[in-house]
$ cat input-v3.txt   # compact mmCIF, C-alpha atoms
# COMPACT_ATOMS: atom_id res chain seq x y z
CA MET A 197 -95.11 -63.42 -149.22
CA GLY A 198 -93.37 -60.43 -150.73
CA HIS A 199 -93.32 -61.85 -154.27
CA GLY A 200 -95.73 -61.32 -157.16
CA PRO A 201 -97.19 -58.04 -158.26
CA TYR A 202 -98.95 -57.33 -154.96
CA PRO A 203 -96.69 -55.59 -152.49
CA SER A 204 -99.64 -55.31 -150.11
CA ILE A 205 -100.37 -59.03 -150.04
CA GLY A 206 -98.83 -59.34 -146.61
CA SER A 207 -100.82 -56.57 -144.99
CA GLY A 208 -103.81 -57.59 -147.11
CA GLY A 209 -104.03 -60.85 -145.21
CA GLY A 210 -107.15 -59.59 -143.47
CA VAL A 211 -108.92 -58.92 -146.74
CA ASN A 212 -111.79 -61.21 -147.67
CA PRO A 213 -110.57 -63.67 -150.34
CA GLN A 214 -113.52 -62.91 -152.60
CA VAL A 215 -112.64 -59.23 -152.46
CA GLN A 216 -109.02 -60.06 -153.28
CA GLN A 217 -110.21 -62.04 -156.29
CA TRP A 218 -112.36 -59.10 -157.42
CA PHE A 219 -109.47 -56.75 -156.89
CA ARG A 220 -107.19 -58.79 -159.16
CA ALA A 221 -109.86 -58.94 -161.86
CA VAL A 222 -110.43 -55.18 -161.77
CA ASP A 223 -106.73 -54.31 -161.57
CA LYS A 224 -106.21 -54.89 -165.30
CA ASP A 225 -102.61 -53.69 -165.47
CA GLN A 226 -101.72 -55.73 -162.36
CA SER A 227 -100.20 -52.67 -160.73
CA GLY A 228 -101.52 -53.55 -157.30
CA PHE A 229 -103.75 -50.48 -157.42
CA ILE A 230 -107.12 -49.70 -158.94
CA THR A 231 -107.74 -46.41 -160.76
CA ALA A 232 -111.09 -44.78 -161.55
CA ALA A 233 -110.68 -45.93 -165.17
CA GLU A 234 -110.19 -49.56 -164.08
CA LEU A 235 -113.19 -49.27 -161.80
CA LYS A 236 -115.28 -47.86 -164.64
CA ALA A 237 -114.31 -50.73 -166.94
CA ALA A 238 -115.48 -53.22 -164.30
CA LEU A 239 -118.87 -51.82 -163.30
CA VAL A 240 -121.91 -52.11 -165.54
CA ASN A 241 -125.42 -50.86 -164.79
CA ALA A 242 -128.73 -52.43 -165.81
CA GLN A 243 -128.79 -50.33 -168.99
CA GLY A 244 -125.67 -52.20 -170.09
CA GLN A 245 -123.49 -49.11 -169.78
CA THR A 246 -120.36 -48.86 -167.70
CA PHE A 247 -120.73 -46.65 -164.64
CA SER A 248 -120.21 -42.96 -165.39
CA GLU A 249 -116.81 -41.35 -164.95
CA THR A 250 -118.45 -39.09 -162.37
CA ALA A 251 -119.66 -42.04 -160.28
CA CYS A 252 -116.28 -43.79 -160.44
CA ASN A 253 -114.32 -40.65 -159.55
CA LEU A 254 -116.71 -39.91 -156.71
CA MET A 255 -116.52 -43.38 -155.18
CA LEU A 256 -112.80 -43.85 -155.69
CA GLY A 257 -112.19 -40.40 -154.19
CA MET A 258 -114.05 -41.40 -151.03
CA PHE A 259 -111.65 -44.24 -150.28
CA ASP A 260 -108.46 -42.82 -151.78
CA LYS A 261 -107.55 -41.16 -148.51
CA ASP A 262 -103.99 -40.32 -149.51
CA ARG A 263 -105.17 -38.72 -152.77
CA THR A 264 -102.95 -40.78 -155.05
CA GLY A 265 -105.66 -41.31 -157.64
CA HIS A 266 -105.76 -45.05 -157.00
CA ILE A 267 -106.69 -47.42 -154.18
CA ASN A 268 -105.02 -50.48 -152.75
CA VAL A 269 -106.70 -53.74 -151.78
CA GLU A 270 -107.63 -52.61 -148.25
CA GLU A 271 -109.20 -49.41 -149.56
CA PHE A 272 -110.90 -51.47 -152.26
CA GLU A 273 -112.46 -53.72 -149.63
CA LYS A 274 -114.17 -50.70 -148.10
CA LEU A 275 -115.29 -49.49 -151.52
CA TYR A 276 -116.61 -52.97 -152.32
CA THR A 277 -118.70 -52.95 -149.15
CA TYR A 278 -119.87 -49.41 -149.90
CA ILE A 279 -120.99 -50.31 -153.44
CA ASN A 280 -122.80 -53.40 -152.19
CA GLN A 281 -124.63 -51.34 -149.59
CA TRP A 282 -125.78 -48.96 -152.32
CA LEU A 283 -126.87 -51.88 -154.51
CA ALA A 284 -128.99 -53.19 -151.64
CA VAL A 285 -130.56 -49.76 -151.09
CA PHE A 286 -131.19 -49.41 -154.82
CA LYS A 287 -132.93 -52.79 -154.95
CA THR A 288 -135.31 -51.92 -152.14
CA TYR A 289 -136.43 -48.80 -154.03
CA ASP A 290 -136.53 -50.49 -157.45
CA THR A 291 -139.87 -52.03 -156.55
CA ASP A 292 -140.69 -53.27 -160.05
CA GLN A 293 -137.19 -54.78 -160.27
CA SER A 294 -136.53 -53.16 -163.63
CA GLY A 295 -132.94 -52.43 -162.74
CA ASN A 296 -133.69 -48.72 -162.91
CA ILE A 297 -135.47 -46.29 -160.66
CA GLU A 298 -138.31 -44.45 -162.32
CA GLU A 299 -139.87 -41.18 -161.20
CA LYS A 300 -142.47 -42.76 -158.93
CA GLU A 301 -139.85 -44.97 -157.29
CA LEU A 302 -137.54 -41.99 -156.80
CA THR A 303 -140.39 -40.07 -155.19
CA ASN A 304 -140.86 -42.89 -152.68
CA ALA A 305 -137.13 -43.30 -152.14
CA LEU A 306 -136.58 -39.62 -151.34
CA ALA A 307 -139.66 -39.52 -149.10
CA GLN A 308 -138.36 -42.52 -147.17
CA MET A 309 -135.01 -40.80 -146.81
CA GLY A 310 -136.89 -37.89 -145.21
CA PHE A 311 -136.90 -35.38 -148.08
CA ARG A 312 -140.00 -33.48 -149.05
CA PHE A 313 -139.46 -32.27 -152.58
CA THR A 314 -142.01 -30.92 -155.03
CA PRO A 315 -143.02 -33.21 -157.91
CA ASP A 316 -141.45 -30.74 -160.36
CA PHE A 317 -138.12 -31.01 -158.61
CA ILE A 318 -138.17 -34.80 -158.60
CA SER A 319 -139.08 -34.72 -162.26
CA PHE A 320 -136.07 -32.47 -162.84
CA LEU A 321 -133.80 -34.92 -160.99
CA VAL A 322 -134.98 -37.82 -163.13
CA LYS A 323 -134.55 -35.90 -166.40
CA ARG A 324 -131.13 -34.79 -165.29
CA SER A 325 -130.12 -38.44 -164.90
CA ASP A 326 -131.70 -39.63 -168.12
CA PRO A 327 -133.22 -36.98 -170.40
CA LYS A 328 -134.51 -39.57 -172.85
CA GLU A 329 -136.28 -42.26 -170.89
CA GLY A 330 -136.48 -40.91 -167.35
CA LYS A 331 -134.78 -43.88 -165.80
CA VAL A 332 -132.24 -43.49 -163.01
CA SER A 333 -129.51 -46.11 -163.28
CA VAL A 334 -127.72 -47.39 -160.19
CA ASP A 335 -124.60 -45.30 -160.77
CA SER A 336 -126.67 -42.15 -161.31
CA PHE A 337 -128.65 -42.99 -158.19
CA ILE A 338 -125.49 -43.27 -156.09
CA VAL A 339 -124.18 -39.94 -157.42
CA LEU A 340 -127.54 -38.25 -156.82
CA CYS A 341 -127.89 -39.55 -153.26
CA VAL A 342 -124.32 -38.61 -152.32
CA GLN A 343 -124.82 -35.12 -153.75
CA ILE A 344 -128.09 -34.63 -151.90
CA GLN A 345 -126.49 -35.90 -148.67
CA ARG A 346 -123.60 -33.48 -149.01
CA PHE A 347 -125.82 -30.53 -149.86
CA THR A 348 -128.05 -31.32 -146.94
CA GLU A 349 -125.10 -31.27 -144.56
CA ALA A 350 -123.72 -28.06 -146.03
CA PHE A 351 -127.14 -26.43 -145.92
CA ARG A 352 -127.88 -27.49 -142.35
CA ALA A 353 -124.54 -26.15 -141.18
CA ARG A 354 -125.56 -22.73 -142.51
CA ASP A 355 -129.23 -22.85 -141.52
CA THR A 356 -128.48 -21.59 -138.03
CA GLN A 357 -132.10 -20.76 -137.25
CA GLN A 358 -133.24 -24.16 -138.54
CA ASN A 359 -136.00 -22.54 -140.58
CA GLY A 360 -135.20 -24.11 -143.92
CA THR A 361 -133.55 -21.06 -145.47
CA VAL A 362 -130.01 -19.77 -145.51
CA THR A 363 -128.55 -16.38 -146.32
CA ILE A 364 -125.38 -16.91 -148.25
CA GLY A 365 -122.77 -14.86 -150.14
CA PHE A 366 -121.61 -15.63 -153.67
CA GLU A 367 -118.25 -17.25 -152.93
CA ASP A 368 -119.64 -19.47 -150.19
CA PHE A 369 -122.56 -20.39 -152.43
CA LEU A 370 -120.18 -21.36 -155.21
CA ASN A 371 -117.94 -23.16 -152.76
CA VAL A 372 -120.79 -25.32 -151.46
CA ALA A 373 -122.14 -25.99 -154.92
CA LEU A 374 -118.78 -27.03 -156.37
CA SER A 375 -117.67 -28.99 -153.29
CA CYS A 376 -120.84 -31.01 -153.05
CA SER A 377 -121.58 -31.60 -156.70
CA ILE A 378 -118.27 -33.18 -157.81
CA MET B 177 -125.64 -35.54 -203.21
CA GLY B 178 -127.86 -37.91 -201.32
CA HIS B 179 -125.40 -40.79 -201.37
CA GLY B 180 -122.84 -41.85 -198.78
CA PRO B 181 -123.42 -42.13 -195.07
CA TYR B 182 -124.26 -38.44 -194.61
CA PRO B 183 -127.94 -37.75 -194.98
CA SER B 184 -127.30 -34.13 -194.02
CA ILE B 185 -124.71 -33.53 -196.74
CA GLY B 186 -127.23 -31.57 -198.78
CA SER B 187 -128.29 -29.25 -196.02
CA GLY B 188 -124.72 -29.22 -194.76
CA GLY B 189 -123.65 -27.42 -197.91
CA GLY B 190 -123.15 -24.27 -195.89
CA VAL B 191 -120.77 -25.95 -193.46
CA ASN B 192 -117.09 -25.03 -193.71
CA PRO B 193 -115.26 -27.87 -195.55
CA GLN B 194 -112.61 -28.10 -192.81
CA VAL B 195 -115.36 -28.60 -190.23
CA GLN B 196 -116.93 -31.28 -192.42
CA GLN B 197 -113.57 -33.05 -192.60
CA TRP B 198 -113.24 -32.88 -188.80
CA PHE B 199 -116.77 -34.11 -188.39
CA ARG B 200 -116.06 -37.19 -190.51
CA ALA B 201 -112.91 -37.93 -188.55
CA VAL B 202 -114.69 -37.66 -185.19
CA ASP B 203 -117.77 -39.60 -186.32
CA LYS B 204 -116.02 -42.95 -185.95
CA ASP B 205 -119.03 -45.14 -186.63
CA GLN B 206 -119.96 -43.00 -189.66
CA SER B 207 -123.49 -42.60 -188.34
CA GLY B 208 -123.75 -38.99 -189.47
CA PHE B 209 -123.93 -37.94 -185.83
CA ILE B 210 -121.36 -37.32 -183.09
CA THR B 211 -121.94 -38.58 -179.56
CA ALA B 212 -120.22 -37.41 -176.37
CA ALA B 213 -118.12 -40.60 -176.44
CA GLU B 214 -116.92 -39.87 -180.00
CA LEU B 215 -116.16 -36.30 -179.00
CA LYS B 216 -114.19 -37.53 -175.99
CA ALA B 217 -112.11 -39.88 -178.14
CA ALA B 218 -111.18 -36.97 -180.42
CA LEU B 219 -110.19 -34.28 -177.93
CA VAL B 220 -106.91 -34.40 -176.04
CA ASN B 221 -105.59 -31.86 -173.54
CA ALA B 222 -101.98 -30.80 -172.96
CA GLN B 223 -101.61 -33.47 -170.27
CA GLY B 224 -102.13 -36.07 -173.00
CA GLN B 225 -105.49 -37.14 -171.58
CA THR B 226 -108.74 -37.18 -173.48
CA PHE B 227 -111.20 -34.51 -172.38
CA SER B 228 -113.27 -35.54 -169.36
CA GLU B 229 -116.68 -37.12 -169.80
CA THR B 230 -118.09 -34.14 -167.90
CA ALA B 231 -116.59 -31.65 -170.37
CA CYS B 232 -117.82 -33.61 -173.39
CA ASN B 233 -121.33 -34.06 -172.00
CA LEU B 234 -121.48 -30.39 -171.08
CA MET B 235 -120.38 -29.15 -174.48
CA LEU B 236 -122.39 -31.63 -176.50
CA GLY B 237 -125.46 -30.82 -174.39
CA MET B 238 -125.16 -27.14 -175.26
CA PHE B 239 -125.53 -27.79 -178.97
CA ASP B 240 -127.75 -30.87 -178.89
CA LYS B 241 -130.88 -28.72 -178.94
CA ASP B 242 -133.27 -31.58 -179.66
CA ARG B 243 -131.81 -33.66 -176.80
CA THR B 244 -131.08 -36.73 -178.90
CA GLY B 245 -127.70 -37.35 -177.26
CA HIS B 246 -125.83 -36.62 -180.50
CA ILE B 247 -125.22 -33.69 -182.83
CA ASN B 248 -125.30 -33.36 -186.59
CA VAL B 249 -122.79 -31.54 -188.75
CA GLU B 250 -124.47 -28.13 -188.43
CA GLU B 251 -124.59 -28.42 -184.64
CA PHE B 252 -121.00 -29.63 -184.72
CA GLU B 253 -119.94 -26.52 -186.62
CA LYS B 254 -121.23 -24.38 -183.75
CA LEU B 255 -119.51 -26.61 -181.20
CA TYR B 256 -116.27 -26.44 -183.21
CA THR B 257 -116.39 -22.64 -183.11
CA TYR B 258 -117.23 -22.72 -179.41
CA ILE B 259 -114.29 -24.98 -178.55
CA ASN B 260 -111.92 -22.84 -180.61
CA GLN B 261 -113.09 -19.73 -178.78
CA TRP B 262 -112.34 -21.41 -175.47
CA LEU B 263 -108.93 -22.53 -176.71
CA ALA B 264 -108.13 -18.92 -177.61
CA VAL B 265 -109.27 -17.70 -174.18
CA PHE B 266 -107.27 -20.44 -172.49
CA LYS B 267 -104.11 -19.46 -174.41
CA THR B 268 -104.35 -15.83 -173.36
CA TYR B 269 -104.44 -16.88 -169.68
CA ASP B 270 -101.79 -19.60 -170.04
CA THR B 271 -99.10 -16.93 -169.96
CA ASP B 272 -96.18 -19.35 -169.58
CA GLN B 273 -97.59 -21.43 -172.45
CA SER B 274 -97.34 -24.63 -170.43
CA GLY B 275 -100.61 -25.93 -171.84
CA ASN B 276 -102.11 -25.77 -168.35
CA ILE B 277 -103.35 -22.97 -166.14
CA GLU B 278 -101.66 -22.82 -162.77
CA GLU B 279 -102.99 -21.12 -159.64
CA LYS B 280 -101.42 -17.74 -160.37
CA GLU B 281 -102.73 -17.78 -163.92
CA LEU B 282 -106.21 -18.76 -162.72
CA THR B 283 -106.13 -15.89 -160.23
CA ASN B 284 -105.42 -13.47 -163.08
CA ALA B 285 -107.97 -15.10 -165.36
CA LEU B 286 -110.79 -14.86 -162.82
CA ALA B 287 -109.82 -11.28 -161.90
CA GLN B 288 -109.94 -10.31 -165.58
CA MET B 289 -113.35 -11.93 -165.87
CA GLY B 290 -114.48 -9.66 -163.04
CA PHE B 291 -114.52 -12.11 -160.11
CA ARG B 292 -113.02 -11.25 -156.78
CA PHE B 293 -112.39 -14.53 -154.99
CA THR B 294 -110.25 -15.16 -151.94
CA PRO B 295 -106.90 -16.93 -152.51
CA ASP B 296 -108.20 -19.90 -150.52
CA PHE B 297 -111.12 -20.30 -152.84
CA ILE B 298 -108.96 -20.14 -155.96
CA SER B 299 -106.66 -22.68 -154.38
CA PHE B 300 -109.68 -24.92 -153.81
CA LEU B 301 -110.71 -24.57 -157.47
CA VAL B 302 -107.26 -25.59 -158.67
CA LYS B 303 -107.07 -28.59 -156.33
CA ARG B 304 -110.55 -29.62 -157.40
CA SER B 305 -109.35 -29.74 -161.01
CA ASP B 306 -106.08 -31.49 -160.29
CA PRO B 307 -105.44 -32.62 -156.69
CA LYS B 308 -101.94 -33.84 -157.50
CA GLU B 309 -100.18 -31.14 -159.44
CA GLY B 310 -102.49 -28.15 -159.26
CA LYS B 311 -102.71 -27.71 -163.00
CA VAL B 312 -105.98 -26.83 -164.70
CA SER B 313 -106.22 -28.50 -168.10
CA VAL B 314 -108.17 -26.88 -170.92
CA ASP B 315 -111.19 -29.17 -170.54
CA SER B 316 -111.31 -28.59 -166.77
CA PHE B 317 -110.99 -24.86 -167.43
CA ILE B 318 -113.96 -24.88 -169.80
CA VAL B 319 -116.08 -26.81 -167.28
CA LEU B 320 -115.07 -24.50 -164.45
CA CYS B 321 -115.80 -21.30 -166.40
CA VAL B 322 -119.17 -22.55 -167.64
CA GLN B 323 -120.12 -23.58 -164.10
CA ILE B 324 -119.07 -20.24 -162.64
CA GLN B 325 -120.98 -18.41 -165.41
CA ARG B 326 -124.12 -20.39 -164.69
CA PHE B 327 -123.87 -19.97 -160.94
CA THR B 328 -123.32 -16.25 -161.36
CA GLU B 329 -126.48 -15.93 -163.43
CA ALA B 330 -128.52 -18.03 -161.00
CA PHE B 331 -127.17 -16.07 -158.04
CA ARG B 332 -127.79 -12.67 -159.63
CA ALA B 333 -131.36 -13.62 -160.45
CA ARG B 334 -131.95 -14.25 -156.74
CA ASP B 335 -129.87 -11.37 -155.37
CA THR B 336 -132.74 -8.94 -155.71
CA GLN B 337 -131.14 -6.29 -153.53
CA GLN B 338 -127.85 -6.62 -155.39
CA ASN B 339 -125.91 -6.81 -152.14
CA GLY B 340 -123.99 -9.99 -152.86
CA THR B 341 -126.06 -12.28 -150.67
CA VAL B 342 -129.16 -14.34 -151.28
CA THR B 343 -131.66 -15.95 -148.95
CA ILE B 344 -132.57 -19.30 -150.35
CA GLY B 345 -134.57 -22.40 -149.34
CA PHE B 346 -133.23 -25.94 -149.51
CA GLU B 347 -134.96 -27.15 -152.65
CA ASP B 348 -134.11 -24.04 -154.64
CA PHE B 349 -130.52 -24.22 -153.39
CA LEU B 350 -130.27 -27.84 -154.50
CA ASN B 351 -131.97 -27.01 -157.78
CA VAL B 352 -129.46 -24.26 -158.58
CA ALA B 353 -126.50 -26.35 -157.49
CA LEU B 354 -127.51 -29.39 -159.52
CA SER B 355 -128.66 -27.42 -162.58
CA CYS B 356 -125.50 -25.37 -162.82
CA SER B 357 -122.92 -27.96 -161.93
CA ILE B 358 -123.81 -30.63 -164.53

$ encode --input "input-v3.txt" --output "structure tokens"
Amino acid sequence: MGHGPYPSIGSGGGVNPQVQQWFRAVDKDQSGFITAAELKAALVNAQGQTFSETACNLMLGMFDKDRTGHINVEEFEKLYTYINQWLAVFKTYDTDQSGNIEEKELTNALAQMGFRFTPDFISFLVKRSDPKEGKVSVDSFIVLCVQIQRFTEAFRARDTQQNGTVTIGFEDFLNVALSCSI
Amino acid sequence: MGHGPYPSIGSGGGVNPQVQQWFRAVDKDQSGFITAAELKAALVNAQGQTFSETACNLMLGMFDKDRTGHINVEEFEKLYTYINQWLAVFKTYDTDQSGNIEEKELTNALAQMGFRFTPDFISFLVKRSDPKEGKVSVDSFIVLCVQIQRFTEAFRARDTQQNGTVTIGFEDFLNVALSCSI
């Protein structure tokens, strides 16, 4: 206890050993903390690309409660669980098990989540994720779902009459858009 | 003519030689095209960091008209001019020449661009760019300005009564937010 590069090893006693092992592998500079860049280097999607900077910043930011730009092993454990939950969700919607979500699969996924979007809009979402092949990778899927979740909350909070429309001024509009989009 | 790794060297005859030199330096794999990743590796802000993936994707996307994910030397020349224009704008607002734009400087910059935002909102914009030190780097500044420009256009198009508010449904709201934020 108290020796080695991990000052949190004592308090990290409650952390799952497998998670601790992952943490050490991802923490390339052995600083005892994981940055978004270290996370990015460790996560690869089915297209063989590392996760996007956007996805890594988004996910790290969710668990980096003290805003230091890095997470310790306890925060990492929560992130690890979070990512695994998303992977499980992704797999249930990736019905052809291609490792990507195509337009038809995204249509089903969003419908099951309770969204009724027009086909044109879903097509736009897919092209936004992958203009070339129209495949939504797991990291893009996580970013997309988190964005839609956040927008939905922000919209609902303003849709006081619950009629599906809001009346909004420019600054608030910009505020919502920039806060939710990351 | 016609030899070497640059198939476009003939048609690139009109390209400024300095730009051609830059292009070769940035095109690390000598493919004759520049990707967002190559662009990222070549551009460094005053904080000593490479430009963000978001900034590189945004800028490359503007000039990659055929959506191939890379740009040729003629497209690069336009991008080169575009980046230099932003650098010049950035310098005029970076009044203390720190290489970053601080909150007070951003307040002046946005006011000069014709925006009237509340101090809280400007504070939010700065923290969004750099939660730790509140400094807006040149790449974050470019992303922010392009986003604000796009949102302004989208908002104006919907503000039919020109009274500074719009009434908007959920899908259109999400569409605007996701299209403009990149």

$ closest_atom_pairs --input "input-v3.txt" --of "chain B" --to "chain A" --cutoff "8 Å" --atoms "all atoms listed in the file" --output "tab-separated table"
residue	atom	partner	partner_atom	distance
B:Glu229	CA	A:Glu249	CA	6.4
B:Thr230	CA	A:Thr250	CA	7.4
B:Arg243	CA	A:Pro327	CA	7.3
B:Thr244	CA	A:Lys328	CA	7.5
B:Phe293	CA	A:Glu367	CA	6.8
B:Phe297	CA	A:Asn371	CA	7.4
B:Pro307	CA	A:Arg263	CA	7.3
B:Lys308	CA	A:Thr264	CA	7.4
B:Ile324	CA	A:Leu370	CA	7.6
B:Phe327	CA	A:Leu370	CA	7.0
B:Thr328	CA	A:Phe366	CA	7.9
B:Phe331	CA	A:Phe366	CA	7.1
B:Gly340	CA	A:Gly365	CA	5.7
B:Thr341	CA	A:Gly365	CA	4.2
B:Val342	CA	A:Thr363	CA	5.4
B:Thr343	CA	A:Thr363	CA	4.1
B:Ile344	CA	A:Thr361	CA	5.3
B:Gly345	CA	A:Thr361	CA	4.2
B:Phe346	CA	A:Gly360	CA	6.2
B:Glu347	CA	A:Phe313	CA	6.8
B:Leu350	CA	A:Phe347	CA	7.0
B:Asn351	CA	A:Phe317	CA	7.4
B:Ala353	CA	A:Ala373	CA	5.1
B:Leu354	CA	A:Ser377	CA	6.9
B:Ser357	CA	A:Ser377	CA	6.5

$ residues_around --input "input-v3.txt" --residues "A:Tyr289" --least-positions-apart "3" --cutoff "10 Å" --atoms "all atoms listed in the file" --output "list in words"
Ala284, Val285, Phe286, Asp292, Gln293, Asn296, Ile297, Glu298, Lys300, Glu301, Leu302, Thr303, Asn304, Ala305, Leu306 and Gln308 of chain A

$ residues_around --input "input-v3.txt" --residues "B:Glu253" --least-positions-apart "5" --cutoff "8 Å" --atoms "only C-alpha atoms" --output "number ranges by chain"
B: 191-192, 195

$ closest_residue --input "input-v3.txt" --among "A:Met255, A:Asp290, A:Gln226, A:Cys341" --to "A:Thr277" --atoms "all atoms listed in the file"
A:Met255

$ atom_distance --input "input-v3.txt" --atom1 "atom CA of A:Gln281" --atom2 "atom CA of A:Val339"
13.8 Å

$ atom_distance --input "input-v3.txt" --atom1 "atom CA of B:Gln197" --atom2 "atom CA of B:Thr211"
16.5 Å

$ axis_aligned_box --input "input-v3.txt" --around "stretch 332-340 of chain A" --padding-each-side "8 Å" --output "AutoDock Vina command-line options"
--center_x -128.2 --center_y -42.8 --center_z -159.7 --size_x 24.1 --size_y 25.1 --size_z 23.2

$ atom_distance --input "input-v3.txt" --atom1 "atom CA of A:Lys274" --atom2 "atom CA of A:Ala238"
16.4 Å
